[in-house]
Every structure is written in C-alpha cells, then in structure tokens.
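Text of query_1.txt, listed as compact mmCIF, C-alpha atoms:
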# COMPACT_ATOMS: atom_id res chain seq x y z
CA MET F 1102 8.01 -17.62 -21.06
CA ARG F 1103 10.57 -15.66 -23.04
CA HIS F 1104 14.23 -16.48 -22.69
CA ILE F 1105 15.92 -14.08 -20.29
CA HIS F 1106 19.29 -15.74 -19.72
CA GLN F 1107 21.21 -12.89 -21.29
CA VAL F 1108 19.57 -10.30 -19.04
CA LEU F 1109 18.67 -11.56 -15.60
CA PRO F 1110 21.93 -13.16 -14.41
CA LEU F 1111 23.81 -10.11 -15.61
CA ALA F 1112 21.33 -7.85 -13.86
CA PHE F 1113 21.97 -9.76 -10.64
CA LEU F 1114 25.69 -9.25 -11.01
CA CYS F 1115 25.52 -5.57 -11.89
CA ALA F 1116 24.64 -4.21 -8.46
CA PRO F 1117 27.35 -5.99 -6.46
CA LEU F 1118 29.97 -5.84 -9.18
CA SER F 1119 29.34 -2.33 -10.59
CA CYS F 1120 28.84 -3.43 -14.16
CA ALA F 1121 25.69 -1.47 -14.88
CA ALA F 1122 27.19 -0.21 -18.09
CA ALA F 1123 26.65 -3.64 -19.63
CA MET F 1124 22.89 -3.60 -19.10
CA PRO F 1125 21.76 -1.78 -22.27
CA ALA F 1126 23.58 -4.23 -24.51
CA ALA F 1127 22.21 -7.18 -22.56
CA ALA F 1128 18.67 -5.89 -22.60
CA GLU F 1129 18.68 -5.83 -26.35
CA ALA F 1130 20.02 -9.35 -26.68
CA PRO F 1131 16.97 -11.63 -26.31
CA VAL F 1132 15.13 -12.58 -29.48
CA VAL F 1133 11.57 -13.68 -28.86
CA HIS F 1134 9.77 -16.07 -31.17
CA ALA F 1135 6.08 -16.78 -30.73
CA GLU F 1136 6.52 -20.54 -30.67
CA ASP F 1137 8.72 -20.30 -27.54
CA ALA F 1138 5.76 -19.22 -25.42
CA ASP F 1139 3.28 -22.12 -25.64
CA ARG F 1140 4.19 -25.76 -26.22
CA ARG F 1141 0.68 -27.02 -26.84
CA ALA F 1142 0.01 -24.28 -29.38
CA ALA F 1143 3.10 -25.38 -31.31
CA GLU F 1144 2.06 -29.03 -31.20
CA GLU F 1145 -1.46 -28.21 -32.36
CA ALA F 1146 -0.15 -25.92 -35.09
CA ASP F 1147 2.00 -28.70 -36.53
CA ALA F 1148 -0.87 -31.17 -36.35
CA GLN F 1149 -3.30 -28.75 -37.97
CA GLU F 1150 -0.79 -27.88 -40.70
CA SER F 1151 -0.30 -31.58 -41.47
CA ALA F 1152 -4.04 -32.15 -41.60
CA ALA F 1153 -4.60 -29.11 -43.76
CA ALA F 1154 -1.80 -30.11 -46.11
CA ALA F 1155 -3.14 -33.64 -46.62
CA PRO F 1156 -3.99 -34.39 -50.28
CA ALA F 1157 -7.47 -33.38 -51.29
CA ASP F 1158 -10.06 -36.13 -51.69
CA ARG F 1159 -10.57 -37.10 -55.32
CA THR F 1160 -14.17 -35.89 -55.14
CA GLN F 1161 -13.15 -32.44 -53.96
CA LYS F 1162 -12.36 -29.63 -56.34
CA VAL F 1163 -8.87 -28.24 -56.61
CA PRO F 1164 -7.40 -25.77 -56.14
CA ARG F 1165 -8.98 -25.56 -52.67
CA LEU F 1166 -8.29 -23.24 -49.74
CA ASP F 1167 -8.34 -24.33 -46.09
CA VAL F 1168 -7.81 -21.84 -43.26
CA TRP F 1169 -7.38 -22.19 -39.49
CA GLY F 1170 -6.23 -19.74 -36.86
CA ASP F 1171 -6.24 -18.72 -33.20
CA TYR F 1172 -6.04 -15.74 -30.88
CA ARG F 1173 -4.25 -16.14 -27.53
CA TRP F 1174 -3.83 -14.01 -24.42
CA LEU F 1175 -1.01 -15.15 -22.12
CA TYR F 1176 0.09 -13.97 -18.70
CA GLY F 1177 3.02 -15.35 -16.74
CA LYS F 1178 5.11 -14.63 -13.66
CA ALA F 1179 8.54 -16.04 -12.81
CA ARG F 1180 10.69 -15.72 -9.70
CA MET F 1181 14.39 -16.01 -10.52
CA GLU F 1182 16.91 -16.58 -7.73
CA LEU F 1183 20.73 -16.53 -7.75
CA PRO F 1184 21.90 -16.75 -4.14
CA SER F 1185 25.58 -16.64 -5.10
CA VAL F 1186 25.09 -12.95 -5.95
CA HIS F 1187 22.41 -12.39 -3.27
CA GLN F 1188 19.66 -11.57 -5.71
CA LYS F 1189 16.00 -12.43 -6.31
CA ARG F 1190 13.76 -10.95 -8.97
CA ASP F 1191 10.18 -11.30 -10.20
CA VAL F 1192 9.65 -11.24 -13.96
CA PHE F 1193 6.27 -10.65 -15.61
CA LEU F 1194 5.07 -11.21 -19.16
CA SER F 1195 1.72 -10.50 -20.80
CA THR F 1196 1.20 -11.06 -24.52
CA ARG F 1197 -1.49 -11.19 -27.18
CA ARG F 1198 -0.97 -13.25 -30.31
CA PHE F 1199 -3.02 -13.66 -33.48
CA ARG F 1200 -2.29 -16.34 -36.08
CA ILE F 1201 -3.97 -17.33 -39.32
CA ALA F 1202 -2.74 -20.23 -41.45
CA PRO F 1203 -4.03 -20.75 -45.01
CA THR F 1204 -3.26 -23.87 -47.07
CA VAL F 1205 -3.89 -24.09 -50.81
CA HIS F 1206 -4.38 -27.60 -52.22
CA LEU F 1207 -3.21 -27.66 -55.82
CA GLY F 1208 -4.01 -31.26 -56.71
CA GLY F 1209 -1.75 -34.20 -57.46
CA GLY F 1210 -0.65 -34.32 -53.80
CA TRP F 1211 0.77 -30.77 -53.89
CA SER F 1212 -0.07 -28.01 -51.43
CA VAL F 1213 1.31 -24.64 -50.32
CA GLY F 1214 0.88 -23.49 -46.73
CA GLY F 1215 1.86 -20.52 -44.62
CA MET F 1216 1.10 -18.50 -41.53
CA LEU F 1217 0.55 -14.83 -40.79
CA GLU F 1218 1.29 -13.87 -37.20
CA ASP F 1219 0.98 -10.80 -34.99
CA SER F 1220 2.44 -10.64 -31.45
CA ARG F 1221 2.07 -7.81 -28.91
CA TYR F 1222 3.92 -7.59 -25.57
CA ASP F 1223 1.68 -5.66 -23.20
CA LYS F 1224 3.88 -6.34 -20.17
CA ASP F 1225 7.55 -7.31 -20.33
CA THR F 1226 9.78 -6.85 -17.28
CA ILE F 1227 13.02 -7.33 -19.21
CA ALA F 1228 12.68 -5.45 -22.50
CA GLY F 1229 9.77 -3.19 -21.65
CA ALA F 1230 6.20 -3.17 -22.92
CA HIS F 1231 5.83 -3.51 -26.70
CA LYS F 1232 9.60 -3.41 -27.32
CA ASN F 1233 9.43 -6.89 -28.93
CA ASP F 1234 6.13 -6.39 -30.77
CA ARG F 1235 6.01 -7.97 -34.21
CA HIS F 1236 3.13 -6.66 -36.26
CA LEU F 1237 1.55 -8.88 -38.89
CA TYR F 1238 4.32 -10.82 -40.62
CA LEU F 1239 4.79 -14.05 -42.58
CA SER F 1240 6.14 -16.52 -40.01
CA ARG F 1241 5.84 -19.70 -42.10
CA LEU F 1242 5.75 -20.54 -45.79
CA TYR F 1243 6.32 -23.98 -47.30
CA ALA F 1244 5.42 -26.30 -50.16
CA GLU F 1245 4.56 -29.95 -49.57
CA HIS F 1246 4.05 -33.02 -51.73
CA GLU F 1247 2.64 -36.42 -50.75
CA ASN F 1248 2.94 -39.25 -53.26
CA GLY F 1249 0.06 -41.35 -51.95
CA HIS F 1250 2.37 -44.18 -50.85
CA GLY F 1251 3.35 -42.82 -47.45
CA ALA F 1252 6.15 -40.45 -48.48
CA LYS F 1253 5.82 -36.74 -47.81
CA ILE F 1254 8.34 -33.96 -48.46
CA ARG F 1255 8.10 -30.41 -47.15
CA ALA F 1256 10.37 -27.50 -48.10
CA GLY F 1257 10.38 -23.94 -46.81
CA ARG F 1258 9.91 -22.33 -43.39
CA PHE F 1259 7.88 -24.24 -40.79
CA ILE F 1260 7.96 -25.36 -37.16
CA PHE F 1261 9.59 -28.68 -36.19
CA THR F 1262 8.98 -30.30 -32.79
CA PRO F 1263 10.20 -33.92 -32.45
CA PHE F 1264 8.45 -35.89 -29.70
CA GLU F 1265 7.52 -33.48 -26.87
CA GLY F 1266 10.09 -30.80 -27.73
CA ASN F 1267 12.42 -31.60 -24.83
CA VAL F 1268 15.40 -31.29 -27.18
CA PHE F 1269 14.18 -29.25 -30.13
CA ASP F 1270 11.19 -26.98 -30.80
CA LYS F 1271 11.91 -24.27 -33.33
CA ARG F 1272 10.96 -22.68 -36.62
CA VAL F 1273 13.28 -23.97 -39.31
CA GLU F 1274 14.14 -23.33 -42.95
CA GLY F 1275 14.95 -26.43 -44.94
CA VAL F 1276 13.68 -29.73 -46.29
CA ARG F 1277 11.97 -32.49 -44.31
CA TRP F 1278 11.21 -35.94 -45.74
CA ARG F 1279 8.85 -38.30 -43.96
CA TYR F 1280 7.76 -41.83 -44.70
CA GLY F 1281 5.00 -43.72 -42.96
CA ASP F 1282 2.07 -42.93 -40.70
CA LYS F 1283 2.74 -41.29 -37.33
CA SER F 1284 -0.02 -43.34 -35.69
CA VAL F 1285 1.82 -46.55 -36.65
CA GLY F 1286 5.43 -45.83 -37.56
CA MET F 1287 7.29 -43.02 -39.29
CA THR F 1288 10.83 -42.23 -40.44
CA SER F 1289 11.94 -38.61 -40.96
CA VAL F 1290 14.99 -36.75 -42.24
CA PHE F 1291 15.49 -32.98 -41.97
CA TYR F 1292 18.29 -30.82 -43.32
CA GLY F 1293 18.37 -27.06 -42.93
CA ARG F 1294 18.78 -24.35 -40.33
CA THR F 1295 16.90 -22.67 -37.50
CA VAL F 1296 15.27 -19.28 -37.97
CA ALA F 1297 17.28 -16.49 -36.31
CA PRO F 1298 18.35 -12.96 -37.30
CA THR F 1299 22.12 -13.56 -37.26
CA GLY F 1300 24.52 -16.38 -38.11
CA ASP F 1301 25.80 -16.74 -34.55
CA LYS F 1302 22.24 -17.65 -33.49
CA ARG F 1303 21.30 -19.79 -36.50
CA LYS F 1304 22.09 -23.48 -36.26
CA ARG F 1305 22.47 -25.59 -39.38
CA GLY F 1306 22.52 -29.35 -39.58
CA ILE F 1307 20.63 -32.62 -39.85
CA ILE F 1308 17.91 -34.26 -37.74
CA LEU F 1309 17.12 -37.97 -38.18
CA GLY F 1310 14.14 -39.62 -36.55
CA TYR F 1311 12.06 -42.77 -36.20
CA GLU F 1312 8.78 -43.12 -34.28
CA ARG F 1313 6.79 -46.29 -33.63
CA ASN F 1314 3.37 -46.90 -32.08
CA TRP F 1315 1.74 -50.11 -30.91
CA THR F 1316 -1.57 -50.64 -29.10
CA LYS F 1317 -0.06 -50.08 -25.64
CA TRP F 1318 3.58 -49.17 -26.27
CA MET F 1319 5.27 -46.30 -28.06
CA GLY F 1320 8.92 -45.62 -28.83
CA GLY F 1321 11.39 -43.91 -31.09
CA ALA F 1322 14.70 -42.16 -31.52
CA PHE F 1323 15.98 -38.84 -32.85
CA TYR F 1324 19.54 -37.79 -33.60
CA TYR F 1325 20.56 -34.12 -33.90
CA ASP F 1326 23.80 -32.70 -35.30
CA MET F 1327 23.60 -28.90 -35.38
CA GLU F 1328 26.28 -26.21 -35.71
CA THR F 1329 26.06 -22.41 -35.73
CA GLU F 1330 26.74 -20.73 -39.09
CA LEU F 1331 29.13 -18.28 -37.38
CA PRO F 1332 30.98 -18.61 -34.06
CA ALA F 1333 28.30 -18.58 -31.36
CA VAL F 1334 30.32 -16.24 -29.16
CA THR F 1335 33.27 -13.93 -29.81
CA ARG F 1336 35.84 -12.25 -27.56
CA ALA F 1337 34.18 -8.89 -28.17
CA ALA F 1338 30.82 -10.30 -27.01
CA VAL F 1339 32.41 -11.74 -23.87
CA ARG F 1340 34.03 -8.38 -23.08
CA ARG F 1341 30.59 -6.74 -23.29
CA ASN F 1342 28.81 -9.53 -21.38
CA PRO F 1343 30.92 -12.15 -19.56
CA LEU F 1344 27.87 -14.44 -19.31
CA ALA F 1345 27.58 -14.75 -23.10
CA LEU F 1346 29.67 -17.91 -22.93
CA HIS F 1347 26.96 -19.74 -21.03
CA ASN F 1348 24.62 -20.18 -23.98
CA GLY F 1349 27.03 -19.65 -26.85
CA ILE F 1350 27.49 -23.21 -28.12
CA ASP F 1351 29.09 -23.78 -31.54
CA ARG F 1352 28.10 -27.40 -32.10
CA GLN F 1353 25.82 -29.96 -30.47
CA ARG F 1354 25.14 -33.61 -31.14
CA ILE F 1355 22.28 -35.22 -29.24
CA LEU F 1356 20.68 -38.67 -29.14
CA GLU F 1357 17.08 -38.77 -27.88
CA LEU F 1358 15.43 -42.12 -27.08
CA LEU F 1359 11.76 -42.45 -26.14
CA ALA F 1360 9.80 -45.32 -24.59
CA GLY F 1361 6.21 -45.05 -23.38
CA TYR F 1362 3.28 -47.11 -22.18
CA ARG F 1363 -0.46 -46.37 -22.43
CA PHE F 1364 -2.42 -47.55 -19.41
CA ASP F 1365 -5.74 -46.77 -21.07
CA ARG F 1366 -7.20 -44.29 -23.58
CA TYR F 1367 -6.32 -41.36 -21.31
CA ARG F 1368 -3.30 -42.15 -19.13
CA SER F 1369 0.24 -42.84 -20.30
CA LEU F 1370 3.80 -42.77 -19.00
CA GLU F 1371 6.71 -41.64 -21.17
CA PHE F 1372 10.43 -41.75 -20.49
CA GLU F 1373 13.11 -40.04 -22.59
CA TYR F 1374 16.83 -40.76 -22.29
CA LEU F 1375 19.13 -38.04 -23.62
CA HIS F 1376 22.83 -38.06 -24.39
CA GLY F 1377 24.44 -34.86 -25.65
CA HIS F 1378 27.83 -33.47 -26.61
CA ALA F 1379 28.34 -29.68 -26.71
CA ARG F 1380 31.38 -27.69 -27.85
CA THR F 1381 32.41 -24.03 -27.93
CA ASP F 1382 35.66 -23.15 -29.67
CA LEU F 1383 36.37 -19.79 -28.02
CA ASP F 1384 37.07 -21.14 -24.53
CA ARG F 1385 37.47 -24.80 -25.57
CA TYR F 1386 34.32 -25.78 -23.73
CA ASP F 1387 33.67 -29.47 -24.36
CA ASP F 1388 30.98 -31.23 -22.36
CA LYS F 1389 29.05 -34.48 -22.47
CA GLY F 1390 25.83 -34.93 -20.54
CA HIS F 1391 23.31 -37.66 -19.81
CA GLY F 1392 19.76 -36.64 -19.01
CA TYR F 1393 16.18 -37.85 -18.88
CA VAL F 1394 12.59 -36.63 -18.86
CA ALA F 1395 9.70 -38.60 -17.31
CA THR F 1396 6.12 -37.56 -18.14
CA LEU F 1397 2.90 -38.86 -16.65
CA ARG F 1398 0.02 -37.89 -18.88
CA LEU F 1399 -3.21 -38.03 -16.89
CA ARG F 1400 -5.31 -37.07 -19.88
CA PRO F 1401 -4.32 -36.11 -23.45
CA SER F 1402 -4.63 -32.61 -24.87
CA PRO F 1403 -8.33 -31.77 -25.12
CA ASP F 1404 -10.42 -31.57 -28.26
CA VAL F 1405 -11.17 -27.84 -28.58
CA GLU F 1406 -14.46 -28.69 -30.32
CA LYS F 1407 -15.79 -30.37 -27.15
CA ALA F 1408 -16.80 -28.08 -24.29
CA GLY F 1409 -15.71 -29.49 -20.94
CA ASP F 1410 -12.94 -31.67 -22.34
CA TYR F 1411 -9.64 -31.34 -20.49
CA GLY F 1412 -6.04 -32.50 -20.42
CA ALA F 1413 -3.30 -32.70 -17.80
CA TRP F 1414 0.33 -33.83 -17.45
CA ILE F 1415 3.22 -33.68 -15.01
CA SER F 1416 6.92 -34.04 -15.90
CA TYR F 1417 10.26 -34.33 -14.16
CA TYR F 1418 13.33 -33.04 -16.03
CA HIS F 1419 17.03 -33.69 -15.50
CA GLN F 1420 18.86 -32.13 -18.44
CA PRO F 1421 22.51 -31.03 -18.44
CA ARG F 1422 23.13 -28.20 -20.95
CA ALA F 1423 24.45 -30.55 -23.62
CA THR F 1424 21.09 -32.36 -23.86
CA TYR F 1425 18.87 -29.66 -25.42
CA LEU F 1426 19.03 -27.24 -28.34
CA HIS F 1427 15.77 -25.22 -28.19
CA HIS F 1428 13.49 -26.48 -25.43
CA ALA F 1429 9.71 -26.33 -25.80
CA MET F 1430 8.95 -25.69 -22.13
CA ASP F 1431 7.34 -22.44 -21.08
CA GLY F 1432 9.98 -22.00 -18.38
CA ASP F 1433 13.44 -20.73 -19.31
CA PRO F 1434 16.10 -23.46 -19.01
CA THR F 1435 18.76 -21.18 -20.51
CA PHE F 1436 18.63 -19.12 -17.30
CA PHE F 1437 20.90 -21.79 -15.78
CA GLY F 1438 23.51 -21.47 -18.54
CA ARG F 1439 25.99 -24.34 -18.73
CA ALA F 1440 24.65 -25.80 -15.47
CA GLY F 1441 21.61 -27.25 -17.22
CA PHE F 1442 18.42 -27.73 -15.22
CA ARG F 1443 16.35 -30.20 -13.26
CA GLY F 1444 12.90 -29.96 -11.71
CA TRP F 1445 9.17 -30.32 -12.14
CA GLY F 1446 6.62 -29.05 -14.62
CA ALA F 1447 2.85 -29.50 -14.84
CA ARG F 1448 0.01 -28.28 -17.03
CA ALA F 1449 -3.79 -28.48 -17.16
CA ASP F 1450 -6.08 -27.45 -20.04
CA ILE F 1451 -9.85 -27.21 -20.16
CA VAL F 1452 -12.20 -26.26 -23.01
CA LEU F 1453 -14.54 -23.62 -21.55
CA VAL F 1454 -16.84 -23.45 -24.56
CA ARG F 1455 -16.43 -24.87 -28.02
CA GLY F 1456 -13.29 -23.36 -29.55
CA VAL F 1457 -12.06 -21.60 -26.38
CA ALA F 1458 -9.48 -23.24 -24.07
CA LEU F 1459 -7.93 -22.17 -20.76
CA ALA F 1460 -4.47 -23.45 -19.78
CA VAL F 1461 -2.55 -23.18 -16.50
CA GLU F 1462 1.11 -24.24 -16.35
CA GLY F 1463 3.88 -24.14 -13.77
CA PHE F 1464 7.56 -25.06 -13.35
CA ASP F 1465 9.95 -25.33 -10.41
CA LEU F 1466 13.52 -25.64 -11.72
CA ARG F 1467 17.03 -25.78 -10.26
CA PRO F 1468 20.48 -26.27 -11.83
CA ALA F 1469 21.38 -29.83 -12.85
CA ARG F 1470 25.04 -29.13 -11.96
CA PRO F 1471 25.02 -26.48 -9.20
CA SER F 1472 28.83 -26.25 -8.98
CA THR F 1473 29.10 -24.96 -12.57
CA PRO F 1474 31.02 -21.61 -12.58
CA LEU F 1475 28.85 -18.56 -13.13
CA PHE F 1476 31.16 -15.53 -12.97
CA MET F 1477 34.23 -14.47 -11.00
CA GLY F 1478 34.29 -17.49 -8.67
CA ARG F 1479 30.53 -17.60 -8.21
CA THR F 1480 28.48 -20.69 -9.11
CA PHE F 1481 24.86 -21.63 -9.76
CA SER F 1482 24.56 -23.22 -6.32
CA GLY F 1483 21.12 -22.53 -4.84
CA ALA F 1484 19.75 -21.02 -8.07
CA ARG F 1485 16.04 -21.53 -8.61
CA GLN F 1486 13.35 -20.60 -11.11
CA ARG F 1487 9.63 -20.80 -10.39
CA VAL F 1488 7.16 -20.06 -13.17
CA LEU F 1489 3.38 -19.84 -13.15
CA GLY F 1490 1.42 -18.87 -16.24
CA MET F 1491 -1.99 -19.06 -17.82
CA SER F 1492 -3.39 -18.55 -21.30
CA LEU F 1493 -6.80 -18.21 -22.91
CA THR F 1494 -6.96 -19.24 -26.57
CA ALA F 1495 -9.80 -18.97 -29.09
CA TYR F 1496 -9.53 -21.24 -32.14
CA PHE F 1497 -11.22 -20.86 -35.49
Written as structure tokens, how would this file's structure read?
Amino acid sequence: MRHIHQVLPLAFLCAPLSCAAAMPAAAEAPVVHAEDADRRAAEEADAQESAAAAPADRTQKVPRLDVWGDYRWLYGKARMELPSVHQKRDVFLSTRRFRIAPTVHLGGGWSVGGMLEDSRYDKDTIAGAHKNDRHLYLSRLYAEHENGHGAKIRAGRFIFTPFEGNVFDKRVEGVRWRYGDKSVGMTSVFYGRTVAPTGDKRKRGIILGYERNWTKWMGGAFYYDMETELPAVTRAAVRRNPLALHNGIDRQRILELLAGYRFDRYRSLEFEYLHGHARTDLDRYDDKGHGYVATLRLRPSPDVEKAGDYGAWISYYHQPRATYLHHAMDGDPTFFGRAGFRGWGARADIVLVRGVALAVEGFDLRPARPSTPLFMGRTFSGARQRVLGMSLTAYF
C-alpha cells in the first residue's frame, strides 16, 4: 500500500479544525515507489538480479544477455481510524505494473544490469486515479564484478532489502560490497543514499551487515546510520502541515539482530530484535526505541515454475518509530507518525499455473505508543489501520 501519512491524518483534522486550505499541499506530498507496494516482488527481484548477474560459465559465450520480467495487478483496501479526531476513512488502491530487467554478462566476472518499469494507478483514493503514473522509465542501473573468490561489488542504482525488510527496503544509489555465500555466511558493506526526488527525503549513510546460516539455525546483524542530505522538515513545512514533524527525521541509527530456527524444509520461526535512535533538529526530537518482529513461516515463498506450489507466513510487529527507516510491509506504518506501530500481518501465495501467482495479504496495526502527541492536544490513542490486499503476477 502507498504511504499516506502526509494526507490522511491531516484530512481527519481538517473537518473539525477548519484547516481545509492545507489539503492541496498535503495531497501532493506522497511519493510512490513501485517497490513499496509488494514485499515478495522486491525480494524476488533482488534474488533474480543476483542470479542473472552471476559470472557466466566458462563454456558460455560472452557477451551474453539474460532477461526476466513480470506484470502485476494489485488491489488493496485500508480502513484508517483516528478516534481522537472522530474520523474513519476507507482508502482504495488499484495498480498495474510492468517490469523488465536485462543483464549483460561481459566476461571476466563483469556484468551490467538494469530495469525498465511502468506503473499505472487505476484507483487511488488519496491522489486520484493516474496522478502518480510513471510511464516506462529506468528504475535501476548498476555494474557488478565478482572475483571468483567470494567477493562481489555492485555500484549504481538498485534495490537493497536486508533480512525481511523490517528496517530497510528501498532503492538506493551507491556501492555495495559483499563477501561470502548467502546460503552459508555473508558480510556486506553499503555506502550511498536512498532514491528520492529531494534532499529532505534522501537519506545518505552506511549499512553494515553479517548473515549466517546453519542446517537448522540462522542469524545475523545489520547496523544502519542514515542522515537526510537536507533538513527533513523546515518551519515553513510545519506551517503548511503541522503533521510534517511526525515523519521528518534527520538522522537514524538502528541495530537489527536476527535469530531463527528451521523446524523442517518448510516451517521456520524468526525473531528480530531492534534498537533505534532517531533525531530531528527542528524541534529537538530525540527518541530511542526497542522493538521486535516475530515471524512464523508456514511454508517458504513458492517456486513460480511449479503450479500448485504455495507459501504462507504470519508476523507480529512491535516497532517504535526509531526502529525503521523504510519498511517493506504492504501496510503503512508511517500513518502512526512518531507513535510507531504494533500488530499482526499475514500473507499467502499460490502459483495458479506455471509463471502466474496469486497473493493475498492483510495487516491489523495500532500505535506502539498510543499517548504520543498528534496535534493540538490530541494523541494516537485508539488509532487503527486494517489493510487487505491481493495481487496477481505473471512472470517471464
């Protein structure tokens, strides 16, 4: 689901507080990126990019071109509630997205990859139908080199999703170095910035990570230190929209620890501990938060080449605002502003025929800290977000 934090809370406040004049500016604020809408698509894209960018076999001719792509239709509905301003609202979203990702293998461990993407918003309660359409554009472009001894370096624009994306899932511009094999153990270092149209939305910094896999156990850690290139919120922005402070964070540092256990080839349990520190200079906001995410995976993501294969998971989240940068979930945690969020999420996927998968996903979220101030003495107490969505994706 698209992020609507800049619009919906303000819309709730407008009727009782006579601030309708702020609505046009708020309605233009959200920036929608295709990877925000579907976590599994992002995970599969990264996996397919990595596979496509692997060095060509010595018996294969180079240069060589590999291509993969998909076409997805998505429909979602969300009910957003803010009792402190006596408001409830249903939000709808319907999109179509086409992606094609070519990779050219140049030999000697070198490759160049990219992605062309086209997104159409057929139904959009907040911005209006087709207002956020992005016709065919180059969403990713990077060069990669693997030395044959486990080290791989990638530079350019690509998507980066550590672990399950509970802290960070975003297109980035920069350099990422990896060493090792993800199925056994891997160390990674990234330096660069997130993709956004303006400096107050772009975050620049470093991400350090280590992942380890055993037969039954899995674990790892990531550390994030990210800061906006320009002040995330200004006095002028707050005068136009008092709620801009809620998601205008200048700097965040987050530690993410993962431990998991595989019961068998299908079922696993994962637990993430999160510790974050967030700061905003304008109003001297300085907050530390401890959070966690527990995920029971009943079956892994299905193989889209096998008709009838399916996957399913259920998660519980407790994440104060300081514990995430760009969340991968298809709900909208930023709706709760500085209160953070807690609640349940679940998803099921099934491959209808070879290359075509149906997914159904839902979330029921509430504020992690309900007493957090919202606006003019009001709080997030009683706030709730319920999301139900489905998508049909054809892969090629």
* Asked: Counting only C-alpha atoms, which of F:Lys1271, F:Arg1479, F:Arg1470, F:Arg1448 gets nearest to His1391 of chain F?
  ->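 Between F:Lys1271, F:Arg1479, F:Arg1470, F:Arg1448, the residue approaching His1391 of chain F most closely is F:Arg1470.
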* **Nearest-residue call for Gly1409 of chain F, choices F:Leu1207, F:Lys1304, F:Leu1453, F:Val1394, using only C-alpha atoms** =>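 Of the candidates, the smallest distance to Gly1409 of chain F is held by F:Leu1453.
Picture a line from atom CA of Ala1458 of chain F to atom CA of Leu1194 of chain F; it runs 19.5 Å.
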* Of the candidates F:Lys1389, F:Arg1272, F:Arg1277, F:Arg1354, which shows the shortest atom-to-atom distance to Arg1255 of chain F, using all atoms listed in the file? ->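 Comparing F:Lys1389, F:Arg1272, F:Arg1277, F:Arg1354 against Arg1255 of chain F, the winner is F:Arg1277.
Using only C-alpha atoms, the nearest neighbour of Met1319 of chain F within the list F:Leu1399, F:Val1452, F:Met1287, F:Ala1460 is F:Met1287.
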Distance query Arg1235 of chain F at most 7 Å, all atoms listed in the file, self and fewer than 4 positions along chain excluded, as a short mmCIF file (atom, residue, chain, number, x, y, z; two decimals) with C-alpha atoms, keeping the file's coordinate frame:
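Dumped everything to part36.cif:
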data_model
loop_
_atom_site.label_atom_id
_atom_site.label_comp_id
_atom_site.auth_asym_id
_atom_site.auth_seq_id
_atom_site.Cartn_x
_atom_site.Cartn_y
_atom_site.Cartn_z
CA ASP F 1219 0.98 -10.80 -34.99
CA SER F 1220 2.44 -10.64 -31.45
CA ARG F 1221 2.07 -7.81 -28.91
#
* **For Gln1420 of chain F: contacts at 7 Å, all atoms listed in the file, fewer than 6 positions along chain excluded, given as a PyMOL selection string** => chain F and resi 1392-1393+1441-1443+1469
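Checking F:Asn1267, F:Thr1316, F:Thr1288, F:Ser1416 one by one against Tyr1374 of chain F, counting all atoms listed in the file, you find the shortest gap at F:Asn1267.
Going from atom CA of Leu1358 of chain F over to atom CA of Arg1258 of chain F, you cover 26.2 Å.
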* **Spatial neighbours of segment 1231-1234 of chain F, max dist 9 Å, only C-alpha atoms, sep filter under 3 positions, as a ChimeraX atom specification** => /F:1132-1133,1219-1225,1228
* **Nearest to Phe1323 of chain F, chosen from F:Ala1202, F:Ala1413, F:Met1181, F:Ile1355, with only C-alpha atoms counted in the distances** =>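 Nearest candidate to Phe1323 of chain F out of F:Ala1202, F:Ala1413, F:Met1181, F:Ile1355: F:Ile1355.
Using all atoms listed in the file, the contacts of Tyr1243 of chain F at a cut-off of 7 Å, with sequence neighbours closer than 4 positions omitted, comprise Val1213, Gly1214, Gly1215, Arg1255, Ala1256, Gly1257, Arg1258 and Phe1259 of chain F.
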Could the residues in this selection be saved with C-alpha atoms as a CSV table (one decimal), in the frame of the given file?
chain,number,residue,atom,x,y,z
F,1213,VAL,CA,1.3,-24.6,-50.3
F,1214,GLY,CA,0.9,-23.5,-46.7
F,1215,GLY,CA,1.9,-20.5,-44.6
F,1255,ARG,CA,8.1,-30.4,-47.2
F,1256,ALA,CA,10.4,-27.5,-48.1
F,1257,GLY,CA,10.4,-23.9,-46.8
F,1258,ARG,CA,9.9,-22.3,-43.4
F,1259,PHE,CA,7.9,-24.2,-40.8
* Asked: When you draw a straight line from atom CA of Arg1487 of chain F to atom CA of Phe1264 of chain F, how long is it in Å?
  -> 24.5 Å
* List the neighbours of Asn1314 of chain F out to 7 Å using all atoms listed in the file; skip same-chain residues closer than 3 positions along the sequence, and give me the result as a PyMOL selection string. => chain F and resi 1284-1286+1318-1320
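For the point (9.5, -45.1, -19.7), the residues with an atom at a distance of at most 8 Å are Leu1359, Ala1360, Gly1361, Tyr1362, Leu1370, Glu1371, Phe1372, Glu1373 and Ala1395 of chain F, counting only C-alpha atoms.
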